[in-house]
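Here is the file run22.cif (mmCIF, N, CA and C atoms).
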data_target
#
loop_
_atom_site.label_atom_id
_atom_site.label_comp_id
_atom_site.auth_asym_id
_atom_site.auth_seq_id
_atom_site.Cartn_x
_atom_site.Cartn_y
_atom_site.Cartn_z
N MET A 1 42.89 -28.35 2.92
CA MET A 1 41.80 -27.39 2.89
C MET A 1 40.50 -28.11 3.26
N SER A 2 39.72 -27.55 4.15
CA SER A 2 38.49 -28.20 4.61
C SER A 2 37.27 -27.57 3.95
N ASP A 3 36.24 -28.36 3.83
CA ASP A 3 34.98 -27.91 3.26
C ASP A 3 34.21 -27.15 4.33
N ARG A 4 33.61 -26.04 3.97
CA ARG A 4 32.84 -25.24 4.93
C ARG A 4 31.43 -25.78 5.12
N GLY A 5 31.02 -26.72 4.35
CA GLY A 5 29.68 -27.30 4.50
C GLY A 5 28.61 -26.32 4.06
N MET A 6 27.50 -26.29 4.77
CA MET A 6 26.36 -25.45 4.41
C MET A 6 26.56 -23.99 4.77
N LYS A 7 27.59 -23.65 5.45
CA LYS A 7 27.82 -22.25 5.81
C LYS A 7 27.95 -21.36 4.58
N LYS A 8 28.53 -21.90 3.51
CA LYS A 8 28.72 -21.09 2.32
C LYS A 8 27.41 -20.81 1.59
N TRP A 9 26.31 -21.52 1.94
CA TRP A 9 25.02 -21.31 1.30
C TRP A 9 24.04 -20.58 2.20
N ALA A 10 24.51 -19.78 3.14
CA ALA A 10 23.65 -19.00 4.03
C ALA A 10 23.86 -17.51 3.80
N PRO A 11 23.51 -16.98 2.60
CA PRO A 11 23.80 -15.57 2.30
C PRO A 11 22.96 -14.58 3.10
N TYR A 12 21.76 -14.95 3.55
CA TYR A 12 20.89 -13.98 4.23
C TYR A 12 21.40 -13.63 5.61
N ALA A 13 22.12 -14.51 6.23
CA ALA A 13 22.65 -14.22 7.57
C ALA A 13 24.03 -13.58 7.48
N SER A 14 24.55 -13.40 6.29
CA SER A 14 25.91 -12.88 6.17
C SER A 14 25.99 -11.37 6.37
N LEU A 15 24.96 -10.64 6.01
CA LEU A 15 24.97 -9.19 6.18
C LEU A 15 23.88 -8.76 7.15
N ILE A 16 24.26 -7.98 8.11
CA ILE A 16 23.31 -7.53 9.14
C ILE A 16 22.21 -6.66 8.53
N GLU A 17 22.57 -5.84 7.55
CA GLU A 17 21.59 -4.94 6.94
C GLU A 17 20.47 -5.69 6.23
N GLN A 18 20.75 -6.89 5.74
CA GLN A 18 19.74 -7.66 5.03
C GLN A 18 18.71 -8.29 5.96
N LYS A 19 19.04 -8.47 7.21
CA LYS A 19 18.17 -9.18 8.14
C LYS A 19 16.80 -8.51 8.28
N GLY A 20 16.79 -7.20 8.47
CA GLY A 20 15.53 -6.47 8.60
C GLY A 20 14.69 -6.54 7.34
N THR A 21 15.34 -6.38 6.20
CA THR A 21 14.63 -6.44 4.93
C THR A 21 14.05 -7.82 4.69
N MET A 22 14.80 -8.85 4.99
CA MET A 22 14.31 -10.22 4.81
C MET A 22 13.13 -10.52 5.73
N ASN A 23 13.18 -10.03 6.97
CA ASN A 23 12.06 -10.24 7.89
C ASN A 23 10.81 -9.53 7.40
N ARG A 24 10.95 -8.30 6.88
CA ARG A 24 9.80 -7.59 6.32
C ARG A 24 9.22 -8.31 5.12
N MET A 25 10.08 -8.85 4.28
CA MET A 25 9.61 -9.59 3.11
C MET A 25 8.84 -10.85 3.53
N LYS A 26 9.30 -11.53 4.58
CA LYS A 26 8.61 -12.73 5.05
C LYS A 26 7.24 -12.38 5.63
N THR A 27 7.15 -11.29 6.40
CA THR A 27 5.86 -10.92 6.98
C THR A 27 4.91 -10.40 5.91
N ASN A 28 5.40 -9.68 4.92
CA ASN A 28 4.54 -9.19 3.84
C ASN A 28 4.02 -10.32 2.98
N ARG A 29 4.75 -11.40 2.88
CA ARG A 29 4.33 -12.53 2.07
C ARG A 29 3.10 -13.21 2.66
N VAL A 30 2.96 -13.23 3.98
CA VAL A 30 1.82 -13.91 4.59
C VAL A 30 0.61 -12.99 4.76
N LYS A 31 0.77 -11.69 4.52
CA LYS A 31 -0.35 -10.77 4.63
C LYS A 31 -1.36 -11.03 3.52
N MET A 32 -2.62 -10.76 3.84
CA MET A 32 -3.67 -10.95 2.85
C MET A 32 -4.51 -9.69 2.75
N GLN A 33 -5.31 -9.61 1.71
CA GLN A 33 -6.22 -8.49 1.55
C GLN A 33 -7.47 -8.74 2.39
N LYS A 34 -8.11 -7.64 2.77
CA LYS A 34 -9.33 -7.76 3.55
C LYS A 34 -10.41 -8.42 2.72
N PRO A 35 -11.04 -9.47 3.27
CA PRO A 35 -12.11 -10.13 2.51
C PRO A 35 -13.35 -9.24 2.40
N LEU A 36 -14.03 -9.36 1.29
CA LEU A 36 -15.28 -8.62 1.09
C LEU A 36 -16.41 -9.34 1.81
N LEU A 37 -17.26 -8.57 2.46
CA LEU A 37 -18.38 -9.15 3.21
C LEU A 37 -19.64 -9.12 2.36
N SER A 38 -20.40 -10.18 2.45
CA SER A 38 -21.70 -10.19 1.78
C SER A 38 -22.69 -9.37 2.60
N SER A 39 -23.80 -9.04 2.00
CA SER A 39 -24.80 -8.25 2.73
C SER A 39 -25.37 -9.05 3.90
N GLU A 40 -25.48 -10.39 3.74
CA GLU A 40 -25.97 -11.22 4.84
C GLU A 40 -25.00 -11.21 6.02
N THR A 41 -23.70 -11.26 5.73
CA THR A 41 -22.70 -11.23 6.80
C THR A 41 -22.71 -9.88 7.50
N ALA A 42 -22.83 -8.80 6.73
CA ALA A 42 -22.89 -7.47 7.32
C ALA A 42 -24.11 -7.32 8.22
N GLU A 43 -25.24 -7.85 7.80
CA GLU A 43 -26.45 -7.81 8.63
C GLU A 43 -26.28 -8.65 9.89
N ALA A 44 -25.62 -9.80 9.77
CA ALA A 44 -25.38 -10.65 10.95
C ALA A 44 -24.47 -9.95 11.95
N ILE A 45 -23.46 -9.23 11.46
CA ILE A 45 -22.58 -8.48 12.36
C ILE A 45 -23.37 -7.38 13.06
N ASN A 46 -24.18 -6.65 12.30
CA ASN A 46 -24.99 -5.58 12.87
C ASN A 46 -25.95 -6.12 13.93
N ARG A 47 -26.62 -7.22 13.61
CA ARG A 47 -27.55 -7.83 14.56
C ARG A 47 -26.81 -8.33 15.80
N GLY A 48 -25.66 -8.95 15.59
CA GLY A 48 -24.87 -9.46 16.72
C GLY A 48 -24.41 -8.35 17.65
N LEU A 49 -24.08 -7.20 17.10
CA LEU A 49 -23.66 -6.08 17.93
C LEU A 49 -24.84 -5.50 18.71
N LEU A 50 -25.95 -5.28 18.02
CA LEU A 50 -27.10 -4.66 18.67
C LEU A 50 -27.69 -5.53 19.78
N GLU A 51 -27.68 -6.85 19.60
CA GLU A 51 -28.29 -7.75 20.57
C GLU A 51 -27.38 -8.08 21.75
N ASN A 52 -26.11 -7.74 21.67
CA ASN A 52 -25.17 -8.18 22.70
C ASN A 52 -24.42 -7.06 23.41
N ILE A 53 -25.00 -5.89 23.48
CA ILE A 53 -24.37 -4.81 24.24
C ILE A 53 -24.36 -5.19 25.72
N GLY A 54 -23.19 -5.10 26.33
CA GLY A 54 -23.03 -5.46 27.73
C GLY A 54 -22.74 -6.94 27.95
N LYS A 55 -22.65 -7.70 26.88
CA LYS A 55 -22.41 -9.15 26.99
C LYS A 55 -21.04 -9.50 26.42
N THR A 56 -20.56 -10.69 26.75
CA THR A 56 -19.31 -11.18 26.21
C THR A 56 -19.54 -11.75 24.82
N ILE A 57 -18.71 -11.33 23.87
CA ILE A 57 -18.82 -11.78 22.49
C ILE A 57 -17.45 -12.17 21.96
N HIS A 58 -17.47 -12.91 20.88
CA HIS A 58 -16.25 -13.31 20.19
C HIS A 58 -16.21 -12.53 18.88
N ILE A 59 -15.19 -11.65 18.72
CA ILE A 59 -15.07 -10.79 17.55
C ILE A 59 -13.94 -11.31 16.66
N THR A 60 -14.22 -11.42 15.38
CA THR A 60 -13.19 -11.69 14.39
C THR A 60 -13.03 -10.41 13.58
N TYR A 61 -11.81 -9.90 13.51
CA TYR A 61 -11.58 -8.63 12.83
C TYR A 61 -10.32 -8.72 11.96
N PHE A 62 -10.16 -7.74 11.09
CA PHE A 62 -9.05 -7.68 10.16
C PHE A 62 -8.15 -6.52 10.55
N GLU A 63 -6.85 -6.83 10.75
CA GLU A 63 -5.91 -5.78 11.12
C GLU A 63 -4.53 -6.08 10.54
N ASP A 64 -3.98 -5.12 9.85
CA ASP A 64 -2.62 -5.20 9.32
C ASP A 64 -2.37 -6.45 8.49
N GLY A 65 -3.31 -6.77 7.61
CA GLY A 65 -3.14 -7.90 6.72
C GLY A 65 -3.39 -9.26 7.34
N GLU A 66 -3.92 -9.29 8.54
CA GLU A 66 -4.17 -10.56 9.23
C GLU A 66 -5.59 -10.61 9.78
N ARG A 67 -6.10 -11.82 9.87
CA ARG A 67 -7.39 -12.06 10.51
C ARG A 67 -7.12 -12.41 11.97
N LYS A 68 -7.74 -11.65 12.88
CA LYS A 68 -7.51 -11.85 14.31
C LYS A 68 -8.84 -12.06 15.02
N SER A 69 -8.78 -12.74 16.17
CA SER A 69 -9.99 -12.99 16.96
C SER A 69 -9.72 -12.64 18.41
N ILE A 70 -10.79 -12.22 19.09
CA ILE A 70 -10.68 -11.88 20.50
C ILE A 70 -12.03 -12.11 21.17
N LYS A 71 -11.99 -12.52 22.40
CA LYS A 71 -13.20 -12.66 23.20
C LYS A 71 -13.21 -11.50 24.19
N THR A 72 -14.26 -10.69 24.12
CA THR A 72 -14.30 -9.45 24.89
C THR A 72 -15.75 -9.11 25.24
N THR A 73 -15.92 -8.10 26.05
CA THR A 73 -17.25 -7.61 26.41
C THR A 73 -17.54 -6.33 25.64
N LEU A 74 -18.66 -6.31 24.94
CA LEU A 74 -19.08 -5.15 24.16
C LEU A 74 -19.69 -4.12 25.10
N LEU A 75 -19.11 -2.94 25.15
CA LEU A 75 -19.60 -1.89 26.04
C LEU A 75 -20.52 -0.90 25.34
N ALA A 76 -20.16 -0.47 24.13
CA ALA A 76 -20.97 0.53 23.43
C ALA A 76 -20.69 0.49 21.94
N ILE A 77 -21.67 0.97 21.18
CA ILE A 77 -21.52 1.14 19.74
C ILE A 77 -21.52 2.64 19.48
N LYS A 78 -20.45 3.15 18.91
CA LYS A 78 -20.33 4.57 18.63
C LYS A 78 -20.49 4.77 17.12
N LYS A 79 -21.74 4.92 16.68
CA LYS A 79 -22.03 5.02 15.25
C LYS A 79 -21.44 6.28 14.63
N ASP A 80 -21.42 7.38 15.38
CA ASP A 80 -20.87 8.62 14.84
C ASP A 80 -19.36 8.53 14.60
N GLU A 81 -18.67 7.64 15.32
CA GLU A 81 -17.23 7.45 15.16
C GLU A 81 -16.91 6.18 14.37
N ASN A 82 -17.94 5.43 13.97
CA ASN A 82 -17.79 4.18 13.21
C ASN A 82 -16.89 3.17 13.92
N ARG A 83 -17.10 3.00 15.20
CA ARG A 83 -16.32 2.03 15.96
C ARG A 83 -17.13 1.52 17.15
N ILE A 84 -16.65 0.44 17.74
CA ILE A 84 -17.28 -0.11 18.93
C ILE A 84 -16.29 -0.04 20.08
N LYS A 85 -16.82 0.08 21.27
CA LYS A 85 -15.99 0.13 22.47
C LYS A 85 -16.16 -1.18 23.22
N THR A 86 -15.03 -1.81 23.53
CA THR A 86 -15.04 -3.06 24.29
C THR A 86 -14.12 -2.91 25.50
N THR A 87 -14.09 -3.94 26.32
CA THR A 87 -13.19 -3.90 27.47
C THR A 87 -11.72 -3.95 27.05
N ASP A 88 -11.46 -4.40 25.82
CA ASP A 88 -10.09 -4.48 25.32
C ASP A 88 -9.70 -3.31 24.42
N GLY A 89 -10.57 -2.34 24.26
CA GLY A 89 -10.27 -1.17 23.44
C GLY A 89 -11.34 -0.92 22.40
N PHE A 90 -10.96 -0.17 21.37
CA PHE A 90 -11.88 0.20 20.31
C PHE A 90 -11.57 -0.59 19.04
N PHE A 91 -12.62 -0.91 18.28
CA PHE A 91 -12.47 -1.60 17.01
C PHE A 91 -13.30 -0.85 15.98
N LEU A 92 -12.73 -0.63 14.80
CA LEU A 92 -13.48 0.01 13.72
C LEU A 92 -14.54 -0.94 13.19
N LEU A 93 -15.70 -0.40 12.89
CA LEU A 93 -16.78 -1.23 12.35
C LEU A 93 -16.40 -1.85 11.02
N LYS A 94 -15.64 -1.12 10.19
CA LYS A 94 -15.27 -1.66 8.89
C LYS A 94 -14.23 -2.77 8.98
N SER A 95 -13.59 -2.94 10.14
CA SER A 95 -12.60 -4.00 10.29
C SER A 95 -13.21 -5.30 10.78
N LEU A 96 -14.49 -5.28 11.21
CA LEU A 96 -15.13 -6.49 11.74
C LEU A 96 -15.47 -7.48 10.63
N LEU A 97 -15.18 -8.74 10.88
CA LEU A 97 -15.50 -9.80 9.93
C LEU A 97 -16.61 -10.71 10.44
N ALA A 98 -16.70 -10.87 11.76
CA ALA A 98 -17.75 -11.71 12.36
C ALA A 98 -17.91 -11.36 13.83
N VAL A 99 -19.14 -11.51 14.31
CA VAL A 99 -19.46 -11.32 15.73
C VAL A 99 -20.29 -12.51 16.18
N ASP A 100 -19.78 -13.24 17.16
CA ASP A 100 -20.48 -14.40 17.68
C ASP A 100 -20.71 -14.25 19.16
N PRO A 101 -21.96 -14.38 19.63
CA PRO A 101 -22.20 -14.32 21.07
C PRO A 101 -21.69 -15.58 21.75
N ASN A 102 -21.15 -15.43 22.94
CA ASN A 102 -20.66 -16.58 23.72
C ASN A 102 -21.17 -16.51 25.13
#

Take the structure from the file and write it as structure tokens.
Amino acid sequence: MSDRGMKKWAPYASLIEQKGTMNRMKTNRVKMQKPLLSSETAEAINRGLLENIGKTIHITYFEDGERKSIKTTLLAIKKDENRIKTTDGFFLLKSLLAVDPN
């Protein structure tokens, strides 16, 4: 009789149905809550948006439990819709964490 080695200790790969659940658990583990912004940071974001319409900026935003960054051109601020329009799409104002001119 031969030893199966480490194969006997791989229970997560043994059932196909568990694979999706395990992947969701791994991604949910790395998700974080949206950080709270100070009033100074909120004012800096507002100032950065107003001063850089039509210019290339670096945006840090929060989406789906992750902090993401993108370099894009700010086209318009739509205050009535609470979002900004860029060359890469729309971003909600409440999802912005930082705006840096580049």

Atom-to-atom span, atom C of Leu96 of chain A and atom CA of Ile57 of chain A, Å: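 Going from atom C of Leu96 of chain A over to atom CA of Ile57 of chain A covers 13.1 Å.
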
Top pick for closest residue to Pro101 of chain A, considering A:Arg83, A:Arg24, A:Lys31, A:Lys55 and counting all atoms listed in the file: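 Answer, going by the shortest atom-to-atom distance: A:Lys55.
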
Among chain A, which residues carry a DSSP assignment of strand (DSSP E or B), reported as a PyMOL selection string? chain A and resi 56-63+66-78+83-86+89-92+96-101

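The two atoms in question, atom N of Pro35 of chain A and atom C of Phe91 of chain A, are spaced 15.5 Å apart.
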
From a backbone DSSP assignment, name each residue in chain A labelled alpha helix (DSSP H), as a PyMOL selection string. chain A and resi 16-30+39-51

Quick one: residues within 6.5 Å of Ile59 of chain A, all atoms listed in the file counted, chain neighbours fewer than 2 positions away excluded, as a list in words?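 Final neighbour list, sorted by chain and number: Ile57, Tyr61, Lys68, Ser69, Ile70, Lys71, Thr72, Leu97, Ala98, Val99 and Asp100 of chain A.
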
Between atom CA of Ser95 of chain A and atom N of Gly20 of chain A, distance in Å (one decimal): 29.6 Å

Suppose a student applies the PyMOL selection byres ((chain A and resi 34) around 8) to this structure; what residues should they get, written as a ChimeraX atom specification? /A:31-33,35-37,62-63,65-66

Would you compute an axis-aligned box for segment 89-98 of chain A, covering every atom listed for it in the file with 3 Å of margin on each side, and report centre and edge lengths in Å to one decimal as JSON?
{"center_x": -14.1, "center_y": -5.8, "center_z": 16.6, "size_x": 13.6, "size_y": 17.9, "size_z": 21.4}

Taking the file as I've supplied it (selection: the PyMOL selection byres (((chain A and resi 75 and name CA) around 7) and name CA)), which residues are included? Please answer as a JSON list (two decimals) with N, CA and C atoms, keeping the file's coordinate frame.
[["chain", "number", "residue", "atom", "x", "y", "z"],
["A", 53, "ILE", "N", -25.00, -5.89, 23.48],
["A", 53, "ILE", "CA", -24.37, -4.81, 24.24],
["A", 53, "ILE", "C", -24.36, -5.19, 25.72],
["A", 54, "GLY", "N", -23.19, -5.10, 26.33],
["A", 54, "GLY", "CA", -23.03, -5.46, 27.73],
["A", 54, "GLY", "C", -22.74, -6.94, 27.95],
["A", 73, "THR", "N", -15.92, -8.10, 26.05],
["A", 73, "THR", "CA", -17.25, -7.61, 26.41],
["A", 73, "THR", "C", -17.54, -6.33, 25.64],
["A", 74, "LEU", "N", -18.66, -6.31, 24.94],
["A", 74, "LEU", "CA", -19.08, -5.15, 24.16],
["A", 74, "LEU", "C", -19.69, -4.12, 25.10],
["A", 76, "ALA", "N", -20.16, -0.47, 24.13],
["A", 76, "ALA", "CA", -20.97, 0.53, 23.43],
["A", 76, "ALA", "C", -20.69, 0.49, 21.94],
["A", 85, "LYS", "N", -16.82, 0.08, 21.27],
["A", 85, "LYS", "CA", -15.99, 0.13, 22.47],
["A", 85, "LYS", "C", -16.16, -1.18, 23.22],
["A", 86, "THR", "N", -15.03, -1.81, 23.53],
["A", 86, "THR", "CA", -15.04, -3.06, 24.29],
["A", 86, "THR", "C", -14.12, -2.91, 25.50],
["A", 87, "THR", "N", -14.09, -3.94, 26.32],
["A", 87, "THR", "CA", -13.19, -3.90, 27.47],
["A", 87, "THR", "C", -11.72, -3.95, 27.05]]
